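Peer 1: Structure file entry.cif (mmCIF, N, CA and C atoms) is given on the next line.
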data_target
#
loop_
_atom_site.label_atom_id
_atom_site.label_comp_id
_atom_site.auth_asym_id
_atom_site.auth_seq_id
_atom_site.Cartn_x
_atom_site.Cartn_y
_atom_site.Cartn_z
N MET A 1 300.98 63.44 124.98
CA MET A 1 300.37 62.21 124.50
C MET A 1 300.55 61.13 125.55
N LYS A 2 299.52 60.34 125.78
CA LYS A 2 299.57 59.26 126.75
C LYS A 2 300.47 58.14 126.27
N HIS A 3 301.10 57.46 127.23
CA HIS A 3 301.96 56.34 126.91
C HIS A 3 301.12 55.12 126.54
N ARG A 4 301.47 54.49 125.46
CA ARG A 4 300.78 53.28 125.01
C ARG A 4 301.78 52.15 124.87
N ASP A 5 301.38 50.96 125.28
CA ASP A 5 302.18 49.76 125.11
C ASP A 5 301.58 48.92 124.01
N LEU A 6 302.44 48.16 123.33
CA LEU A 6 302.00 47.29 122.25
C LEU A 6 301.58 45.94 122.81
N TYR A 7 300.37 45.50 122.45
CA TYR A 7 299.81 44.22 122.88
C TYR A 7 299.40 43.42 121.65
N LEU A 8 299.37 42.11 121.83
CA LEU A 8 298.71 41.23 120.87
C LEU A 8 297.40 40.79 121.50
N ALA A 9 296.32 40.99 120.80
CA ALA A 9 295.01 40.54 121.25
C ALA A 9 294.61 39.38 120.36
N ALA A 10 294.34 38.24 120.96
CA ALA A 10 293.97 37.05 120.20
C ALA A 10 292.77 36.38 120.84
N TYR A 11 291.88 35.86 120.00
CA TYR A 11 290.70 35.20 120.54
C TYR A 11 290.33 33.99 119.71
N ASP A 12 289.62 33.08 120.35
CA ASP A 12 289.03 31.91 119.71
C ASP A 12 287.62 31.81 120.26
N ILE A 13 286.65 32.19 119.45
CA ILE A 13 285.26 32.28 119.88
C ILE A 13 284.45 31.23 119.13
N ALA A 14 283.68 30.43 119.85
CA ALA A 14 282.94 29.30 119.26
C ALA A 14 281.68 29.73 118.51
N ASP A 15 280.98 30.75 118.98
CA ASP A 15 279.69 31.15 118.42
C ASP A 15 279.87 32.30 117.43
N GLY A 16 279.21 32.21 116.29
CA GLY A 16 279.35 33.23 115.24
C GLY A 16 278.95 34.62 115.67
N LYS A 17 277.86 34.74 116.44
CA LYS A 17 277.41 36.06 116.89
C LYS A 17 278.43 36.69 117.84
N ARG A 18 278.93 35.89 118.79
CA ARG A 18 279.95 36.41 119.72
C ARG A 18 281.25 36.72 118.98
N LEU A 19 281.56 35.90 117.97
CA LEU A 19 282.77 36.12 117.17
C LEU A 19 282.72 37.48 116.47
N ARG A 20 281.59 37.82 115.88
CA ARG A 20 281.45 39.13 115.21
C ARG A 20 281.56 40.28 116.22
N ARG A 21 280.97 40.09 117.41
CA ARG A 21 281.07 41.13 118.45
C ARG A 21 282.52 41.31 118.90
N ALA A 22 283.23 40.19 119.06
CA ALA A 22 284.64 40.25 119.48
C ALA A 22 285.49 40.92 118.40
N LEU A 23 285.26 40.58 117.15
CA LEU A 23 286.00 41.18 116.04
C LEU A 23 285.78 42.69 116.01
N PHE A 24 284.54 43.12 116.11
CA PHE A 24 284.23 44.55 116.09
C PHE A 24 284.91 45.26 117.27
N LEU A 25 284.85 44.66 118.44
CA LEU A 25 285.45 45.27 119.63
C LEU A 25 286.96 45.41 119.47
N VAL A 26 287.65 44.34 119.13
CA VAL A 26 289.12 44.37 119.06
C VAL A 26 289.59 45.27 117.91
N LYS A 27 288.89 45.23 116.77
CA LYS A 27 289.29 46.09 115.65
C LYS A 27 289.23 47.58 116.01
N GLY A 28 288.38 47.92 116.96
CA GLY A 28 288.30 49.31 117.40
C GLY A 28 289.56 49.79 118.09
N TYR A 29 290.35 48.88 118.60
CA TYR A 29 291.60 49.21 119.28
C TYR A 29 292.83 48.89 118.44
N ALA A 30 292.67 48.15 117.36
CA ALA A 30 293.79 47.58 116.62
C ALA A 30 294.42 48.56 115.63
N THR A 31 295.73 48.40 115.45
CA THR A 31 296.43 49.13 114.39
C THR A 31 296.74 48.21 113.23
N GLY A 32 296.58 46.92 113.43
CA GLY A 32 296.84 45.95 112.38
C GLY A 32 296.53 44.56 112.89
N GLY A 33 296.62 43.60 111.99
CA GLY A 33 296.36 42.22 112.37
C GLY A 33 295.55 41.52 111.30
N GLN A 34 295.22 40.28 111.60
CA GLN A 34 294.42 39.51 110.66
C GLN A 34 293.71 38.38 111.37
N LYS A 35 292.60 37.98 110.80
CA LYS A 35 291.77 36.91 111.34
C LYS A 35 291.45 37.14 112.80
N SER A 36 292.09 36.46 113.73
CA SER A 36 291.74 36.62 115.14
C SER A 36 292.91 37.05 116.01
N VAL A 37 293.94 37.64 115.41
CA VAL A 37 295.10 38.16 116.14
C VAL A 37 295.38 39.58 115.65
N PHE A 38 295.42 40.53 116.60
CA PHE A 38 295.59 41.94 116.24
C PHE A 38 296.63 42.61 117.12
N GLU A 39 297.34 43.59 116.55
CA GLU A 39 298.25 44.43 117.31
C GLU A 39 297.48 45.64 117.80
N CYS A 40 297.62 45.94 119.09
CA CYS A 40 296.91 47.06 119.69
C CYS A 40 297.87 47.88 120.54
N PHE A 41 297.94 49.18 120.32
CA PHE A 41 298.64 50.08 121.22
C PHE A 41 297.61 50.59 122.21
N LEU A 42 297.80 50.28 123.50
CA LEU A 42 296.80 50.59 124.51
C LEU A 42 297.39 51.35 125.69
N THR A 43 296.63 52.32 126.18
CA THR A 43 296.95 52.91 127.47
C THR A 43 296.44 51.95 128.54
N GLU A 44 296.77 52.21 129.78
CA GLU A 44 296.29 51.35 130.87
C GLU A 44 294.76 51.38 130.95
N ALA A 45 294.16 52.54 130.76
CA ALA A 45 292.70 52.67 130.81
C ALA A 45 292.04 51.92 129.64
N GLU A 46 292.62 52.01 128.45
CA GLU A 46 292.07 51.30 127.29
C GLU A 46 292.18 49.79 127.48
N LYS A 47 293.29 49.35 128.05
CA LYS A 47 293.47 47.92 128.32
C LYS A 47 292.38 47.41 129.27
N ARG A 48 292.14 48.15 130.34
CA ARG A 48 291.09 47.75 131.30
C ARG A 48 289.73 47.71 130.62
N ARG A 49 289.42 48.71 129.81
CA ARG A 49 288.12 48.77 129.12
C ARG A 49 287.97 47.60 128.15
N LEU A 50 289.02 47.29 127.40
CA LEU A 50 288.98 46.17 126.47
C LEU A 50 288.72 44.86 127.22
N LEU A 51 289.40 44.66 128.34
CA LEU A 51 289.22 43.43 129.11
C LEU A 51 287.81 43.33 129.68
N VAL A 52 287.27 44.43 130.17
CA VAL A 52 285.91 44.43 130.71
C VAL A 52 284.90 44.14 129.60
N ASP A 53 285.05 44.81 128.46
CA ASP A 53 284.12 44.60 127.35
C ASP A 53 284.21 43.19 126.79
N MET A 54 285.43 42.67 126.69
CA MET A 54 285.58 41.31 126.17
C MET A 54 285.02 40.28 127.14
N ASP A 55 285.13 40.56 128.43
CA ASP A 55 284.57 39.65 129.43
C ASP A 55 283.06 39.50 129.27
N GLU A 56 282.39 40.55 128.78
CA GLU A 56 280.95 40.49 128.54
C GLU A 56 280.60 39.64 127.32
N ILE A 57 281.55 39.45 126.41
CA ILE A 57 281.31 38.69 125.18
C ILE A 57 281.67 37.22 125.36
N VAL A 58 282.80 36.95 125.99
CA VAL A 58 283.37 35.61 126.07
C VAL A 58 282.58 34.71 127.03
N GLU A 59 282.31 33.50 126.58
CA GLU A 59 281.73 32.45 127.43
C GLU A 59 282.90 31.60 127.91
N ASP A 60 283.13 31.57 129.23
CA ASP A 60 284.32 30.92 129.79
C ASP A 60 284.46 29.45 129.41
N ASP A 61 283.37 28.75 129.26
CA ASP A 61 283.46 27.32 128.98
C ASP A 61 283.63 27.00 127.49
N GLU A 62 283.49 28.02 126.60
CA GLU A 62 283.58 27.77 125.15
C GLU A 62 284.65 28.60 124.45
N ASP A 63 284.97 29.77 124.95
CA ASP A 63 285.79 30.73 124.23
C ASP A 63 287.11 31.00 124.96
N ARG A 64 288.04 31.61 124.24
CA ARG A 64 289.31 32.04 124.82
C ARG A 64 289.67 33.42 124.31
N PHE A 65 290.30 34.22 125.18
CA PHE A 65 290.81 35.54 124.80
C PHE A 65 292.14 35.75 125.52
N ALA A 66 293.14 36.23 124.78
CA ALA A 66 294.45 36.51 125.37
C ALA A 66 294.88 37.91 124.97
N LEU A 67 295.38 38.65 125.93
CA LEU A 67 295.94 39.98 125.69
C LEU A 67 297.37 39.94 126.21
N ILE A 68 298.34 39.97 125.30
CA ILE A 68 299.74 39.76 125.64
C ILE A 68 300.53 41.04 125.38
N ARG A 69 301.16 41.57 126.44
CA ARG A 69 301.99 42.76 126.28
C ARG A 69 303.32 42.35 125.69
N LEU A 70 303.72 43.03 124.63
CA LEU A 70 304.99 42.74 123.99
C LEU A 70 306.09 43.60 124.61
N ASP A 71 307.28 43.07 124.65
CA ASP A 71 308.43 43.75 125.23
C ASP A 71 308.74 45.02 124.43
N PRO A 72 308.68 46.20 125.08
CA PRO A 72 308.91 47.44 124.34
C PRO A 72 310.34 47.58 123.84
N ARG A 73 311.27 46.79 124.38
CA ARG A 73 312.66 46.85 123.93
C ARG A 73 312.89 46.04 122.66
N ALA A 74 311.97 45.15 122.34
CA ALA A 74 312.14 44.25 121.20
C ALA A 74 311.87 44.98 119.88
N THR A 75 312.53 44.54 118.85
CA THR A 75 312.30 45.05 117.51
C THR A 75 311.19 44.24 116.86
N VAL A 76 310.26 44.93 116.22
CA VAL A 76 309.17 44.26 115.52
C VAL A 76 309.65 43.86 114.13
N HIS A 77 309.52 42.58 113.81
CA HIS A 77 309.88 42.07 112.49
C HIS A 77 308.61 41.67 111.76
N THR A 78 308.54 41.99 110.49
CA THR A 78 307.38 41.59 109.68
C THR A 78 307.87 40.75 108.51
N MET A 79 306.96 39.99 107.93
CA MET A 79 307.30 39.14 106.79
C MET A 79 306.39 39.50 105.62
N GLY A 80 306.90 39.30 104.44
CA GLY A 80 306.11 39.53 103.24
C GLY A 80 305.78 41.00 103.06
N ILE A 81 304.53 41.30 102.75
CA ILE A 81 304.12 42.68 102.49
C ILE A 81 303.58 43.37 103.74
N ALA A 82 303.71 42.71 104.89
CA ALA A 82 303.18 43.27 106.14
C ALA A 82 303.85 44.59 106.48
N ILE A 83 303.10 45.45 107.16
CA ILE A 83 303.61 46.74 107.63
C ILE A 83 303.76 46.65 109.14
N ALA A 84 304.91 47.07 109.64
CA ALA A 84 305.16 47.01 111.08
C ALA A 84 304.14 47.88 111.81
N PRO A 85 303.65 47.44 112.98
CA PRO A 85 302.69 48.23 113.73
C PRO A 85 303.30 49.56 114.18
N ASP A 86 302.50 50.60 114.17
CA ASP A 86 302.96 51.93 114.54
C ASP A 86 301.92 52.56 115.46
N ASP A 87 302.41 53.28 116.46
CA ASP A 87 301.52 53.96 117.41
C ASP A 87 301.13 55.31 116.80
N PRO A 88 299.94 55.40 116.20
CA PRO A 88 299.54 56.65 115.53
C PRO A 88 299.24 57.75 116.55
N PRO A 89 299.24 59.01 116.10
CA PRO A 89 298.99 60.12 117.03
C PRO A 89 297.56 60.13 117.56
N PHE A 90 296.62 59.50 116.88
CA PHE A 90 295.24 59.45 117.38
C PHE A 90 294.56 58.21 116.82
N PHE A 91 293.46 57.80 117.47
CA PHE A 91 292.62 56.71 117.02
C PHE A 91 291.22 57.24 116.84
N TYR A 92 290.55 56.74 115.81
CA TYR A 92 289.14 57.04 115.63
C TYR A 92 288.37 55.76 115.88
N TYR A 93 287.44 55.81 116.81
CA TYR A 93 286.62 54.64 117.13
C TYR A 93 285.18 55.06 116.90
N GLY A 94 284.54 54.46 115.91
CA GLY A 94 283.18 54.88 115.66
C GLY A 94 282.47 54.07 114.65
#
I'd like the structure from this file rewritten - as structure tokens, please.
Peer 2:
Amino acid sequence: MKHRDLYLAAYDIADGKRLRRALFLVKGYATGGQKSVFECFLTEAEKRRLLVDMDEIVEDDEDRFALIRLDPRATVHTMGIAIAPDDPPFFYYG
């Protein structure tokens, strides 16, 4: 199995059409999240693909996108009924 690192993908998109495209794109990689912040376990190749695809959606003067790698040594804490992110054995994107 390929090594995957945990990232937070967050965006702020001004236009509704681009917002829906960004949501669809990021949800394809996400294991959890809400609104405009998602947890994603990504290989290096998946990270590059996500950045390239998001670059086609984002308008630099209106929108923002951040992909933040989380420290793999850190413990993930959740609040309320949230479920801690988990790196599943496979992803279905379709």
Peer 1: Report, in Å with one decimal, the straight-line distance from atom CA of Glu44 of chain A to atom CA of Glu59 of chain A.
Peer 2: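 Atom CA of Glu44 of chain A sits 24.1 Å away from atom CA of Glu59 of chain A.
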Peer 1: Looking at only C-alpha atoms, which of A:Ala9, A:Ala14, A:Leu19, A:Leu25 is the one that sits closest to Asp53 of chain A?
Peer 2: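 Checking each candidate against Asp53 of chain A, we get A:Leu25 as the closest.
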Peer 1: Between A:Leu50, A:His3, A:Pro72, A:Glu56, which residue has the minimum interatomic distance to Val26 of chain A, considering only N, CA and C atoms?
Peer 2: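 Of A:Leu50, A:His3, A:Pro72, A:Glu56, the one nearest Val26 of chain A is A:Leu50, counting only N, CA and C atoms.
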Peer 1: Skip Leu42 of chain A itself and residues of its chain fewer than 2 positions away, then list as a PyMOL selection string all residues within 8 Å of it, counting only C-alpha atoms.
Peer 2: chain A and resi 4-7+29+40+44-47
Peer 1: Between atom CA of Ile68 of chain A and atom CA of Lys17 of chain A, what is the distance, to one decimal in Å?
Peer 2: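 Between atom CA of Ile68 of chain A and atom CA of Lys17 of chain A the gap is 24.3 Å.
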Peer 1: Let me know the residues the PyMOL selection byres ((chain A and resi 35) around 8) catches in the file above, as a compact mmCIF listing (two decimals) with N, CA and C atoms, keeping the file's coordinate frame.
Peer 2:
# COMPACT_ATOMS: atom_id res chain seq x y z
N ALA A 10 294.34 38.24 120.96
CA ALA A 10 293.97 37.05 120.20
C ALA A 10 292.77 36.38 120.84
N TYR A 11 291.88 35.86 120.00
CA TYR A 11 290.70 35.20 120.54
C TYR A 11 290.33 33.99 119.71
N LEU A 23 285.26 40.58 117.15
CA LEU A 23 286.00 41.18 116.04
C LEU A 23 285.78 42.69 116.01
N GLY A 32 296.58 46.92 113.43
CA GLY A 32 296.84 45.95 112.38
C GLY A 32 296.53 44.56 112.89
N GLY A 33 296.62 43.60 111.99
CA GLY A 33 296.36 42.22 112.37
C GLY A 33 295.55 41.52 111.30
N GLN A 34 295.22 40.28 111.60
CA GLN A 34 294.42 39.51 110.66
C GLN A 34 293.71 38.38 111.37
N SER A 36 292.09 36.46 113.73
CA SER A 36 291.74 36.62 115.14
C SER A 36 292.91 37.05 116.01
N VAL A 37 293.94 37.64 115.41
CA VAL A 37 295.10 38.16 116.14
C VAL A 37 295.38 39.58 115.65
N PHE A 38 295.42 40.53 116.60
CA PHE A 38 295.59 41.94 116.24
C PHE A 38 296.63 42.61 117.12
Peer 1: Can you measure atom N of Asp61 of chain A to atom CA of Thr43 of chain A for me? One decimal in Å is fine.
Peer 2: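 A separation of 27.8 Å between them.
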Peer 1: Determine which residues of segment 3-84 of chain A DSSP labels as strand (DSSP E or B) from the backbone of this structure, then write them out as number ranges by chain.
Peer 2: A: 5-12, 30-34, 37-42, 64-69
Peer 1: Could you save the residues just selected, with N, CA and C atoms, as a compact mmCIF listing (two decimals), in the coordinates of the input?
Peer 2:
# COMPACT_ATOMS: atom_id res chain seq x y z
N ASP A 5 301.38 50.96 125.28
CA ASP A 5 302.18 49.76 125.11
C ASP A 5 301.58 48.92 124.01
N LEU A 6 302.44 48.16 123.33
CA LEU A 6 302.00 47.29 122.25
C LEU A 6 301.58 45.94 122.81
N TYR A 7 300.37 45.50 122.45
CA TYR A 7 299.81 44.22 122.88
C TYR A 7 299.40 43.42 121.65
N LEU A 8 299.37 42.11 121.83
CA LEU A 8 298.71 41.23 120.87
C LEU A 8 297.40 40.79 121.50
N ALA A 9 296.32 40.99 120.80
CA ALA A 9 295.01 40.54 121.25
C ALA A 9 294.61 39.38 120.36
N ALA A 10 294.34 38.24 120.96
CA ALA A 10 293.97 37.05 120.20
C ALA A 10 292.77 36.38 120.84
N TYR A 11 291.88 35.86 120.00
CA TYR A 11 290.70 35.20 120.54
C TYR A 11 290.33 33.99 119.71
N ASP A 12 289.62 33.08 120.35
CA ASP A 12 289.03 31.91 119.71
C ASP A 12 287.62 31.81 120.26
N ALA A 30 292.67 48.15 117.36
CA ALA A 30 293.79 47.58 116.62
C ALA A 30 294.42 48.56 115.63
N THR A 31 295.73 48.40 115.45
CA THR A 31 296.43 49.13 114.39
C THR A 31 296.74 48.21 113.23
N GLY A 32 296.58 46.92 113.43
CA GLY A 32 296.84 45.95 112.38
C GLY A 32 296.53 44.56 112.89
N GLY A 33 296.62 43.60 111.99
CA GLY A 33 296.36 42.22 112.37
C GLY A 33 295.55 41.52 111.30
N GLN A 34 295.22 40.28 111.60
CA GLN A 34 294.42 39.51 110.66
C GLN A 34 293.71 38.38 111.37
N VAL A 37 293.94 37.64 115.41
CA VAL A 37 295.10 38.16 116.14
C VAL A 37 295.38 39.58 115.65
N PHE A 38 295.42 40.53 116.60
CA PHE A 38 295.59 41.94 116.24
C PHE A 38 296.63 42.61 117.12
N GLU A 39 297.34 43.59 116.55
CA GLU A 39 298.25 44.43 117.31
C GLU A 39 297.48 45.64 117.80
N CYS A 40 297.62 45.94 119.09
CA CYS A 40 296.91 47.06 119.69
C CYS A 40 297.87 47.88 120.54
N PHE A 41 297.94 49.18 120.32
CA PHE A 41 298.64 50.08 121.22
C PHE A 41 297.61 50.59 122.21
N LEU A 42 297.80 50.28 123.50
CA LEU A 42 296.80 50.59 124.51
C LEU A 42 297.39 51.35 125.69
N ARG A 64 288.04 31.61 124.24
CA ARG A 64 289.31 32.04 124.82
C ARG A 64 289.67 33.42 124.31
N PHE A 65 290.30 34.22 125.18
CA PHE A 65 290.81 35.54 124.80
C PHE A 65 292.14 35.75 125.52
N ALA A 66 293.14 36.23 124.78
CA ALA A 66 294.45 36.51 125.37
C ALA A 66 294.88 37.91 124.97
N LEU A 67 295.38 38.65 125.93
CA LEU A 67 295.94 39.98 125.69
C LEU A 67 297.37 39.94 126.21
N ILE A 68 298.34 39.97 125.30
CA ILE A 68 299.74 39.76 125.64
C ILE A 68 300.53 41.04 125.38
N ARG A 69 301.16 41.57 126.44
CA ARG A 69 301.99 42.76 126.28
C ARG A 69 303.32 42.35 125.69
Peer 1: Pick out the closest residue to Asp15 of chain A from this set: A:Glu62, A:Arg48, A:Met54, A:Lys2. Count all atoms listed in the file.
Peer 2: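 When distances to Asp15 of chain A are compared using all atoms listed in the file, the smallest one comes from A:Glu62.
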Peer 1: Go through A:Gly80, A:Ala30, A:Asp12, A:Ala22 one by one, measure the shortest atom-to-atom distance of each to Arg64 of chain A using only N, CA and C atoms, and give the residue with the smallest value.
Peer 2: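 Looking only at the distances to Arg64 of chain A, the closest residue turns out to be A:Asp12.
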